[in-house]
file upload28.csv (CSV, C-alpha atoms and all ligand atoms)
chain,number,residue,atom,x,y,z
A,1,MET,CA,-92.1,-5.5,12.6
A,2,ASN,CA,-89.8,-8.4,11.8
A,3,PRO,CA,-90.9,-11.8,12.7
A,4,LEU,CA,-89.4,-13.0,16.0
A,5,ILE,CA,-87.1,-15.9,16.2
A,6,CYS,CA,-87.6,-18.7,18.7
A,7,PRO,CA,-85.0,-18.4,21.5
A,8,LYS,CA,-84.8,-22.1,21.9
A,9,CYS,CA,-84.7,-23.7,18.5
A,10,GLY,CA,-84.3,-20.7,16.0
A,11,GLY,CA,-87.6,-21.4,14.3
A,12,ASN,CA,-90.0,-18.6,13.3
A,13,LEU,CA,-92.5,-17.4,15.7
A,14,GLU,CA,-96.0,-17.0,14.2
A,15,LYS,CA,-98.6,-14.7,15.6
A,16,ILE,CA,-101.7,-16.2,17.1
A,17,ILE,CA,-104.5,-14.2,18.4
A,18,TYR,CA,-106.8,-15.3,21.2
A,19,GLN,CA,-109.5,-13.0,22.4
A,20,ASP,CA,-107.8,-10.0,21.0
A,21,ILE,CA,-104.5,-10.9,22.8
A,22,GLU,CA,-101.7,-11.6,20.4
A,23,VAL,CA,-99.0,-14.1,21.3
A,24,ASP,CA,-96.2,-15.6,19.3
A,25,ARG,CA,-95.8,-19.3,18.9
A,26,CYS,CA,-92.9,-21.2,17.4
A,27,CYS,CA,-93.9,-23.2,14.4
A,28,GLN,CA,-91.2,-25.8,15.2
A,29,CYS,CA,-91.1,-26.5,18.9
A,30,GLN,CA,-94.5,-24.9,19.8
A,31,GLY,CA,-93.0,-22.8,22.5
A,32,ILE,CA,-94.9,-19.6,23.2
A,33,TRP,CA,-93.7,-16.0,23.7
A,34,PHE,CA,-95.8,-13.6,25.7
A,35,ASP,CA,-95.1,-9.9,25.7
A,36,SER,CA,-95.4,-8.2,29.0
A,37,LEU,CA,-98.7,-8.9,30.7
A,38,GLU,CA,-100.1,-11.0,27.9
A,39,ALA,CA,-99.6,-14.2,30.0
A,40,GLU,CA,-101.3,-12.5,32.9
A,41,GLN,CA,-104.2,-11.5,30.8
A,42,LEU,CA,-104.5,-14.8,29.0
A,43,LYS,CA,-104.2,-17.1,32.0
A,44,SER,CA,-107.4,-15.5,33.5
A,45,ILE,CA,-109.3,-16.2,30.2
A,46,LYS,CA,-111.3,-19.4,30.1
A,47,GLY,CA,-110.1,-21.8,27.5
A,48,SER,CA,-106.9,-19.8,26.7
A,49,GLU,CA,-104.8,-22.9,27.3
A,50,SER,CA,-105.9,-24.1,23.9
A,51,ILE,CA,-103.3,-21.8,22.3
A,52,ASP,CA,-100.7,-24.2,23.8
A,53,SER,CA,-100.9,-27.2,21.6
A,54,GLY,CA,-97.7,-28.8,22.8
A,55,ASN,CA,-97.3,-31.8,25.0
A,56,PHE,CA,-95.4,-31.1,28.1
A,57,GLN,CA,-92.2,-32.8,27.8
A,58,GLY,CA,-90.9,-32.3,31.2
A,59,GLU,CA,-87.6,-30.6,31.6
A,60,ASN,CA,-84.2,-31.6,32.8
A,61,ALA,CA,-83.9,-28.8,35.3
A,62,ALA,CA,-80.1,-29.1,35.7
A,63,GLN,CA,-79.7,-29.0,31.9
A,64,SER,CA,-82.1,-26.2,31.4
A,65,LEU,CA,-80.4,-24.1,34.1
A,66,GLN,CA,-77.2,-24.3,32.1
A,67,GLU,CA,-78.5,-23.2,28.8
A,68,SER,CA,-78.8,-19.5,28.3
A,69,VAL,CA,-81.9,-18.2,26.5
A,70,ASN,CA,-82.0,-14.8,25.0
A,71,CYS,CA,-85.1,-12.7,24.7
A,72,PRO,CA,-86.5,-12.8,21.2
A,73,ARG,CA,-87.4,-9.1,21.4
A,74,CYS,CA,-84.4,-7.4,22.9
A,75,GLN,CA,-81.8,-10.2,22.9
A,76,GLU,CA,-81.1,-9.8,26.6
A,77,LYS,CA,-80.3,-13.0,28.5
A,78,MET,CA,-83.5,-14.1,30.2
A,79,LEU,CA,-83.9,-15.2,33.8
A,80,LYS,CA,-85.1,-18.7,34.7
A,81,MET,CA,-88.1,-18.7,36.8
A,82,LEU,CA,-89.7,-21.6,38.7
A,83,ASP,CA,-93.3,-21.8,39.3
A,84,PHE,CA,-93.9,-24.6,41.7
A,85,ASP,CA,-97.4,-25.4,42.7
A,86,LYS,CA,-99.4,-28.2,41.2
A,87,TYR,CA,-96.7,-28.8,38.6
A,88,PRO,CA,-93.1,-27.5,38.7
A,89,ILE,CA,-92.5,-25.5,35.6
A,90,TRP,CA,-89.5,-23.6,34.5
A,91,TYR,CA,-90.0,-20.6,32.3
A,92,GLU,CA,-87.9,-17.7,31.2
A,93,THR,CA,-88.6,-14.1,31.7
A,94,CYS,CA,-86.8,-11.0,30.3
A,95,LEU,CA,-86.0,-8.4,32.9
A,96,LYS,CA,-85.9,-5.7,30.3
A,97,CYS,CA,-89.2,-6.1,28.4
A,98,HIS,CA,-90.9,-8.4,30.9
A,99,GLY,CA,-91.8,-10.9,28.3
A,100,LEU,CA,-92.2,-14.6,29.2
A,101,TRP,CA,-91.2,-17.7,27.3
A,102,PHE,CA,-93.0,-21.0,27.9
A,103,ASP,CA,-91.9,-24.2,26.3
A,104,ALA,CA,-94.6,-26.3,24.6
A,105,GLY,CA,-97.1,-27.4,27.2
A,106,GLU,CA,-95.9,-25.1,30.0
A,107,PHE,CA,-98.6,-22.5,29.6
A,108,GLN,CA,-101.2,-25.2,30.2
A,109,GLN,CA,-99.4,-26.1,33.4
A,110,PHE,CA,-99.0,-22.5,34.3
A,111,LYS,CA,-102.7,-22.1,34.0
A,112,HIS,CA,-103.4,-25.0,36.2
A,113,ASN,CA,-101.1,-23.5,38.9
A,114,PHE,CA,-102.9,-20.3,38.6
A,115,GLN,CA,-106.4,-21.8,38.7
A,116,ASN,CA,-105.7,-23.3,42.1
A,117,LYS,CA,-104.6,-19.9,43.4
A,118,GLY,CA,-107.5,-18.3,41.7
A,119,LEU,CA,-110.0,-20.5,43.5
A,120,LEU,CA,-108.4,-19.7,46.8
A,121,ASP,CA,-108.6,-16.0,46.1
A,122,ARG,CA,-112.2,-16.3,45.1
A,123,ALA,CA,-113.0,-18.2,48.3
A,124,ILE,CA,-111.3,-15.5,50.4
A,125,LYS,CA,-113.2,-12.8,48.6
A,126,ILE,CA,-116.5,-14.6,49.1
A,127,LEU,CA,-115.7,-15.0,52.8
A,128,ARG,CA,-115.0,-11.3,53.1
A,129,PHE,CA,-118.1,-10.4,51.3
A,130,ASN,CA,-120.2,-12.6,53.5
A,131,LYS,CA,-118.7,-10.9,56.5
A,132,LYS,CA,-119.7,-7.5,55.3
A,133,MET,CA,-123.3,-8.6,54.7
A,134,THR,CA,-123.9,-9.9,58.2
B,201,ZN,ZN,-88.8,-23.1,18.7
B,202,ZN,ZN,-86.8,-8.6,26.3
call {"tool": "encode", "arguments": {"input": "upload28.csv", "output": "structure tokens", "more": "lines below"}}
Ligand SMILES: [Zn+2]
Ligand SMILES: [Zn+2]
result
Amino acid sequence: MNPLICPKCGGNLEKIIYQDIEVDRCCQCQGIWFDSLEAEQLKSIKGSESIDSGNFQGENAAQSLQESVNCPRCQEKMLKMLDFDKYPIWYETCLKCHGLWFDAGEFQQFKHNFQNKGLLDRAIKILRFNKKMT
């Protein structure tokens, strides 16, 4: 397979493997490409935010909405997504291959957002479990 090209800066994406899950990270801007479900798998693995070495720069939402970003796999124009919880983060998703693009630092934020939800889910499960027991 040909190496993927960063949709943001045109740099090469290099493969990094974390717990048997392979992701592609740009060696220039440190953005990370996740194939379908890789981000879902990785965000539930403890410590996986270490693959994201970038510092979150913050994004000018108005500006980032205007730029068009093409999927590094299928060259489709990707859709901007907003995950707003603990931190507002914009990321791109490809509707065709369901890959996700995170700018440097965004995966860490994405994980933080998820962790809050994860805790809530777990609390609900424990509550349900306790109900069953009594
Ligand atoms: Zn890049
Ligand atoms: Zn795609």
call {"tool": "residues_around", "arguments": {"input": "upload28.csv", "residues": "region 11-15 of chain A", "least_positions_apart": "6", "cutoff": "6 Å", "atoms": "all atoms listed in the file", "output": "PyMOL selection string"}}
result
chain A and resi 4-5+23-26+28
call {"tool": "write_last_selection", "arguments": {"input": "upload28.csv", "atoms": "C-alpha atoms", "output": "PDB file, keeping the file's coordinate frame"}}
result
ATOM      1  CA  LEU A   4     -89.400 -13.000  16.000  1.00  0.00           C
ATOM      2  CA  ILE A   5     -87.100 -15.900  16.200  1.00  0.00           C
ATOM      3  CA  VAL A  23     -99.000 -14.100  21.300  1.00  0.00           C
ATOM      4  CA  ASP A  24     -96.200 -15.600  19.300  1.00  0.00           C
ATOM      5  CA  ARG A  25     -95.800 -19.300  18.900  1.00  0.00           C
ATOM      6  CA  CYS A  26     -92.900 -21.200  17.400  1.00  0.00           C
ATOM      7  CA  GLN A  28     -91.200 -25.800  15.200  1.00  0.00           C
TER       8      GLN A  28
END
call {"tool": "atom_distance", "arguments": {"input": "upload28.csv", "atom1": "CA of Phe110 (chain A)", "atom2": "CA of Phe84 (chain A)"}}
result
9.2 Å
call {"tool": "closest_residue", "arguments": {"input": "upload28.csv", "among": "A:Asp85, A:Glu106, A:Lys125, A:Phe114", "to": "Ile45 (chain A)", "atoms": "all atoms listed in the file"}}
result
A:Phe114
call {"tool": "residues_around", "arguments": {"input": "upload28.csv", "residues": "Ala104 (chain A)", "least_positions_apart": "2", "cutoff": "12 Å", "atoms": "only C-alpha atoms", "output": "PyMOL selection string"}}
result
chain A and resi 6+8-9+25-33+49-59+89-91+101-102+106-110
call {"tool": "closest_residue", "arguments": {"input": "upload28.csv", "among": "A:Glu67, A:Asp35, A:Asp83, A:Asp103", "to": "ligand ZN 202 (chain B)", "atoms": "all atoms listed in the file"}}
result
A:Asp35
call {"tool": "closest_residue", "arguments": {"input": "upload28.csv", "among": "A:Ala123, A:Leu42, A:Val69, A:Ile21", "to": "ligand ZN 201 (chain B)", "atoms": "all atoms listed in the file"}}
result
A:Val69
call {"tool": "residues_near_point", "arguments": {"input": "upload28.csv", "point": "(-87.0, -20.9, 36.2)", "cutoff": "7 Å", "atoms": "all atoms listed in the file", "output": "PyMOL selection string"}}
result
chain A and resi 79-82+90-92
call {"tool": "residues_around", "arguments": {"input": "upload28.csv", "residues": "Ser44 (chain A)", "least_positions_apart": "2", "cutoff": "9 Å", "atoms": "all atoms listed in the file", "output": "tab-separated table (two decimals) with C-alpha atoms, in the frame of the given file"}}
result
chain	number	residue	atom	x	y	z
A	39	ALA	CA	-99.60	-14.20	30.00
A	40	GLU	CA	-101.30	-12.50	32.90
A	41	GLN	CA	-104.20	-11.50	30.80
A	42	LEU	CA	-104.50	-14.80	29.00
A	46	LYS	CA	-111.30	-19.40	30.10
A	48	SER	CA	-106.90	-19.80	26.70
A	111	LYS	CA	-102.70	-22.10	34.00
A	114	PHE	CA	-102.90	-20.30	38.60
A	115	GLN	CA	-106.40	-21.80	38.70
A	118	GLY	CA	-107.50	-18.30	41.70
call {"tool": "residues_near_ligand", "arguments": {"input": "upload28.csv", "ligand": "ligand ZN 202 (chain B)", "cutoff": "12 Å", "atoms": "all atoms listed in the file", "output": "PyMOL selection string"}}
result
chain A and resi 4+7+33-36+69-79+92-101
call {"tool": "atom_distance", "arguments": {"input": "upload28.csv", "atom1": "CA of Tyr87 (chain A)", "atom2": "CA of Tyr18 (chain A)"}}
result
24.2 Å
call {"tool": "closest_residue", "arguments": {"input": "upload28.csv", "among": "A:Gly10, A:Gly47, A:Pro88, A:Pro3", "to": "ligand ZN 201 (chain B)", "atoms": "all atoms listed in the file"}}
result
A:Gly10
call {"tool": "residues_near_point", "arguments": {"input": "upload28.csv", "point": "(-103.9, -28.8, 42.9)", "cutoff": "8 Å", "atoms": "only C-alpha atoms", "output": "list in words"}}
result
Asp85, Lys86, His112, Asn113 and Asn116 of chain A
call {"tool": "decode", "arguments": {"input": "upload28.csv", "residues": "region 20-58 of chain A", "atoms": "N, CA and C atoms", "output": "PDB file, in the first residue's frame"}}
result
ATOM      1  N   ASP A  20      -1.585  -3.290  18.962  1.00  0.00           N
ATOM      2  CA  ASP A  20      -2.058  -3.986  17.756  1.00  0.00           C
ATOM      3  C   ASP A  20      -2.987  -3.168  16.882  1.00  0.00           C
ATOM      4  N   ILE A  21      -3.211  -1.929  17.242  1.00  0.00           N
ATOM      5  CA  ILE A  21      -4.039  -1.081  16.385  1.00  0.00           C
ATOM      6  C   ILE A  21      -3.121  -0.118  15.650  1.00  0.00           C
ATOM      7  N   GLU A  22      -3.295  -0.093  14.338  1.00  0.00           N
ATOM      8  CA  GLU A  22      -2.394   0.684  13.516  1.00  0.00           C
ATOM      9  C   GLU A  22      -3.051   2.005  13.141  1.00  0.00           C
ATOM     10  N   VAL A  23      -2.357   3.095  13.403  1.00  0.00           N
ATOM     11  CA  VAL A  23      -2.858   4.385  12.961  1.00  0.00           C
ATOM     12  C   VAL A  23      -1.768   5.073  12.155  1.00  0.00           C
ATOM     13  N   ASP A  24      -2.121   6.134  11.469  1.00  0.00           N
ATOM     14  CA  ASP A  24      -1.159   6.846  10.646  1.00  0.00           C
ATOM     15  C   ASP A  24      -1.009   8.267  11.172  1.00  0.00           C
ATOM     16  N   ARG A  25       0.238   8.632  11.416  1.00  0.00           N
ATOM     17  CA  ARG A  25       0.470   9.967  11.957  1.00  0.00           C
ATOM     18  C   ARG A  25       1.363  10.764  11.020  1.00  0.00           C
ATOM     19  N   CYS A  26       1.029  12.032  10.861  1.00  0.00           N
ATOM     20  CA  CYS A  26       1.800  12.890   9.968  1.00  0.00           C
ATOM     21  C   CYS A  26       3.122  13.255  10.618  1.00  0.00           C
ATOM     22  N   CYS A  27       4.219  13.072   9.899  1.00  0.00           N
ATOM     23  CA  CYS A  27       5.504  13.387  10.514  1.00  0.00           C
ATOM     24  C   CYS A  27       5.763  14.889  10.511  1.00  0.00           C
ATOM     25  N   GLN A  28       4.935  15.651   9.827  1.00  0.00           N
ATOM     26  CA  GLN A  28       5.138  17.106   9.869  1.00  0.00           C
ATOM     27  C   GLN A  28       4.248  17.801  10.896  1.00  0.00           C
ATOM     28  N   CYS A  29       2.928  17.642  10.758  1.00  0.00           N
ATOM     29  CA  CYS A  29       2.030  18.397  11.652  1.00  0.00           C
ATOM     30  C   CYS A  29       1.520  17.551  12.816  1.00  0.00           C
ATOM     31  N   GLN A  30       1.862  16.265  12.845  1.00  0.00           N
ATOM     32  CA  GLN A  30       1.484  15.358  13.935  1.00  0.00           C
ATOM     33  C   GLN A  30      -0.014  15.070  14.004  1.00  0.00           C
ATOM     34  N   GLY A  31      -0.723  15.416  12.965  1.00  0.00           N
ATOM     35  CA  GLY A  31      -2.130  15.025  12.905  1.00  0.00           C
ATOM     36  C   GLY A  31      -2.216  13.511  12.770  1.00  0.00           C
ATOM     37  N   ILE A  32      -3.362  12.930  13.139  1.00  0.00           N
ATOM     38  CA  ILE A  32      -3.473  11.471  13.127  1.00  0.00           C
ATOM     39  C   ILE A  32      -4.689  11.028  12.322  1.00  0.00           C
ATOM     40  N   TRP A  33      -4.465  10.036  11.481  1.00  0.00           N
ATOM     41  CA  TRP A  33      -5.526   9.435  10.689  1.00  0.00           C
ATOM     42  C   TRP A  33      -5.908   8.087  11.290  1.00  0.00           C
ATOM     43  N   PHE A  34      -7.206   7.912  11.516  1.00  0.00           N
ATOM     44  CA  PHE A  34      -7.714   6.647  12.031  1.00  0.00           C
ATOM     45  C   PHE A  34      -8.618   6.039  10.984  1.00  0.00           C
ATOM     46  N   ASP A  35      -8.362   4.799  10.628  1.00  0.00           N
ATOM     47  CA  ASP A  35      -9.308   4.118   9.761  1.00  0.00           C
ATOM     48  C   ASP A  35     -10.557   3.811  10.576  1.00  0.00           C
ATOM     49  N   SER A  36     -11.601   3.457   9.861  1.00  0.00           N
ATOM     50  CA  SER A  36     -12.877   3.168  10.496  1.00  0.00           C
ATOM     51  C   SER A  36     -12.721   2.335  11.760  1.00  0.00           C
ATOM     52  N   LEU A  37     -13.293   2.785  12.830  1.00  0.00           N
ATOM     53  CA  LEU A  37     -13.336   2.096  14.133  1.00  0.00           C
ATOM     54  C   LEU A  37     -12.036   2.126  14.931  1.00  0.00           C
ATOM     55  N   GLU A  38     -10.934   2.499  14.304  1.00  0.00           N
ATOM     56  CA  GLU A  38      -9.676   2.535  15.062  1.00  0.00           C
ATOM     57  C   GLU A  38      -9.743   3.533  16.206  1.00  0.00           C
ATOM     58  N   ALA A  39     -10.363   4.681  15.937  1.00  0.00           N
ATOM     59  CA  ALA A  39     -10.463   5.686  16.998  1.00  0.00           C
ATOM     60  C   ALA A  39     -11.355   5.177  18.119  1.00  0.00           C
ATOM     61  N   GLU A  40     -12.428   4.488  17.744  1.00  0.00           N
ATOM     62  CA  GLU A  40     -13.334   3.920  18.748  1.00  0.00           C
ATOM     63  C   GLU A  40     -12.602   2.895  19.612  1.00  0.00           C
ATOM     64  N   GLN A  41     -11.805   2.064  18.954  1.00  0.00           N
ATOM     65  CA  GLN A  41     -11.071   1.037  19.691  1.00  0.00           C
ATOM     66  C   GLN A  41     -10.029   1.672  20.592  1.00  0.00           C
ATOM     67  N   LEU A  42      -9.307   2.637  20.016  1.00  0.00           N
ATOM     68  CA  LEU A  42      -8.187   3.218  20.753  1.00  0.00           C
ATOM     69  C   LEU A  42      -8.618   4.053  21.931  1.00  0.00           C
ATOM     70  N   LYS A  43      -9.739   4.759  21.788  1.00  0.00           N
ATOM     71  CA  LYS A  43     -10.080   5.665  22.875  1.00  0.00           C
ATOM     72  C   LYS A  43     -10.493   4.905  24.126  1.00  0.00           C
ATOM     73  N   SER A  44     -10.828   3.623  23.978  1.00  0.00           N
ATOM     74  CA  SER A  44     -11.176   2.866  25.177  1.00  0.00           C
ATOM     75  C   SER A  44      -9.970   2.151  25.776  1.00  0.00           C
ATOM     76  N   ILE A  45      -8.804   2.309  25.147  1.00  0.00           N
ATOM     77  CA  ILE A  45      -7.592   1.683  25.688  1.00  0.00           C
ATOM     78  C   ILE A  45      -6.831   2.686  26.545  1.00  0.00           C
ATOM     79  N   LYS A  46      -6.513   2.257  27.744  1.00  0.00           N
ATOM     80  CA  LYS A  46      -5.821   3.135  28.672  1.00  0.00           C
ATOM     81  C   LYS A  46      -4.456   3.526  28.126  1.00  0.00           C
ATOM     82  N   GLY A  47      -4.151   4.801  28.192  1.00  0.00           N
ATOM     83  CA  GLY A  47      -2.829   5.263  27.787  1.00  0.00           C
ATOM     84  C   GLY A  47      -2.693   5.535  26.303  1.00  0.00           C
ATOM     85  N   SER A  48      -3.748   5.263  25.529  1.00  0.00           N
ATOM     86  CA  SER A  48      -3.619   5.400  24.082  1.00  0.00           C
ATOM     87  C   SER A  48      -3.410   6.844  23.643  1.00  0.00           C
ATOM     88  N   GLU A  49      -3.711   7.794  24.524  1.00  0.00           N
ATOM     89  CA  GLU A  49      -3.502   9.182  24.127  1.00  0.00           C
ATOM     90  C   GLU A  49      -2.021   9.496  23.920  1.00  0.00           C
ATOM     91  N   SER A  50      -1.148   8.563  24.340  1.00  0.00           N
ATOM     92  CA  SER A  50       0.281   8.800  24.148  1.00  0.00           C
ATOM     93  C   SER A  50       0.685   8.785  22.673  1.00  0.00           C
ATOM     94  N   ILE A  51      -0.162   8.237  21.809  1.00  0.00           N
ATOM     95  CA  ILE A  51       0.169   8.284  20.374  1.00  0.00           C
ATOM     96  C   ILE A  51       0.057   9.701  19.844  1.00  0.00           C
ATOM     97  N   ASP A  52      -0.666  10.526  20.575  1.00  0.00           N
ATOM     98  CA  ASP A  52      -0.875  11.897  20.129  1.00  0.00           C
ATOM     99  C   ASP A  52       0.127  12.787  20.842  1.00  0.00           C
ATOM    100  N   SER A  53       1.195  13.079  20.153  1.00  0.00           N
ATOM    101  CA  SER A  53       2.278  13.806  20.797  1.00  0.00           C
ATOM    102  C   SER A  53       2.136  15.306  20.607  1.00  0.00           C
ATOM    103  N   GLY A  54       1.156  15.692  19.831  1.00  0.00           N
ATOM    104  CA  GLY A  54       1.035  17.102  19.489  1.00  0.00           C
ATOM    105  C   GLY A  54       0.438  17.924  20.605  1.00  0.00           C
ATOM    106  N   ASN A  55       0.762  19.183  20.601  1.00  0.00           N
ATOM    107  CA  ASN A  55       0.115  20.096  21.533  1.00  0.00           C
ATOM    108  C   ASN A  55      -1.113  20.668  20.846  1.00  0.00           C
ATOM    109  N   PHE A  56      -2.192  20.673  21.593  1.00  0.00           N
ATOM    110  CA  PHE A  56      -3.412  21.195  21.014  1.00  0.00           C
ATOM    111  C   PHE A  56      -3.262  22.687  20.770  1.00  0.00           C
ATOM    112  N   GLN A  57      -3.462  23.064  19.536  1.00  0.00           N
ATOM    113  CA  GLN A  57      -3.235  24.452  19.153  1.00  0.00           C
ATOM    114  C   GLN A  57      -4.487  25.296  19.321  1.00  0.00           C
ATOM    115  N   GLY A  58      -5.588  24.640  19.411  1.00  0.00           N
ATOM    116  CA  GLY A  58      -6.833  25.389  19.328  1.00  0.00           C
ATOM    117  C   GLY A  58      -7.076  25.653  17.867  1.00  0.00           C
TER     118      GLY A  58
END
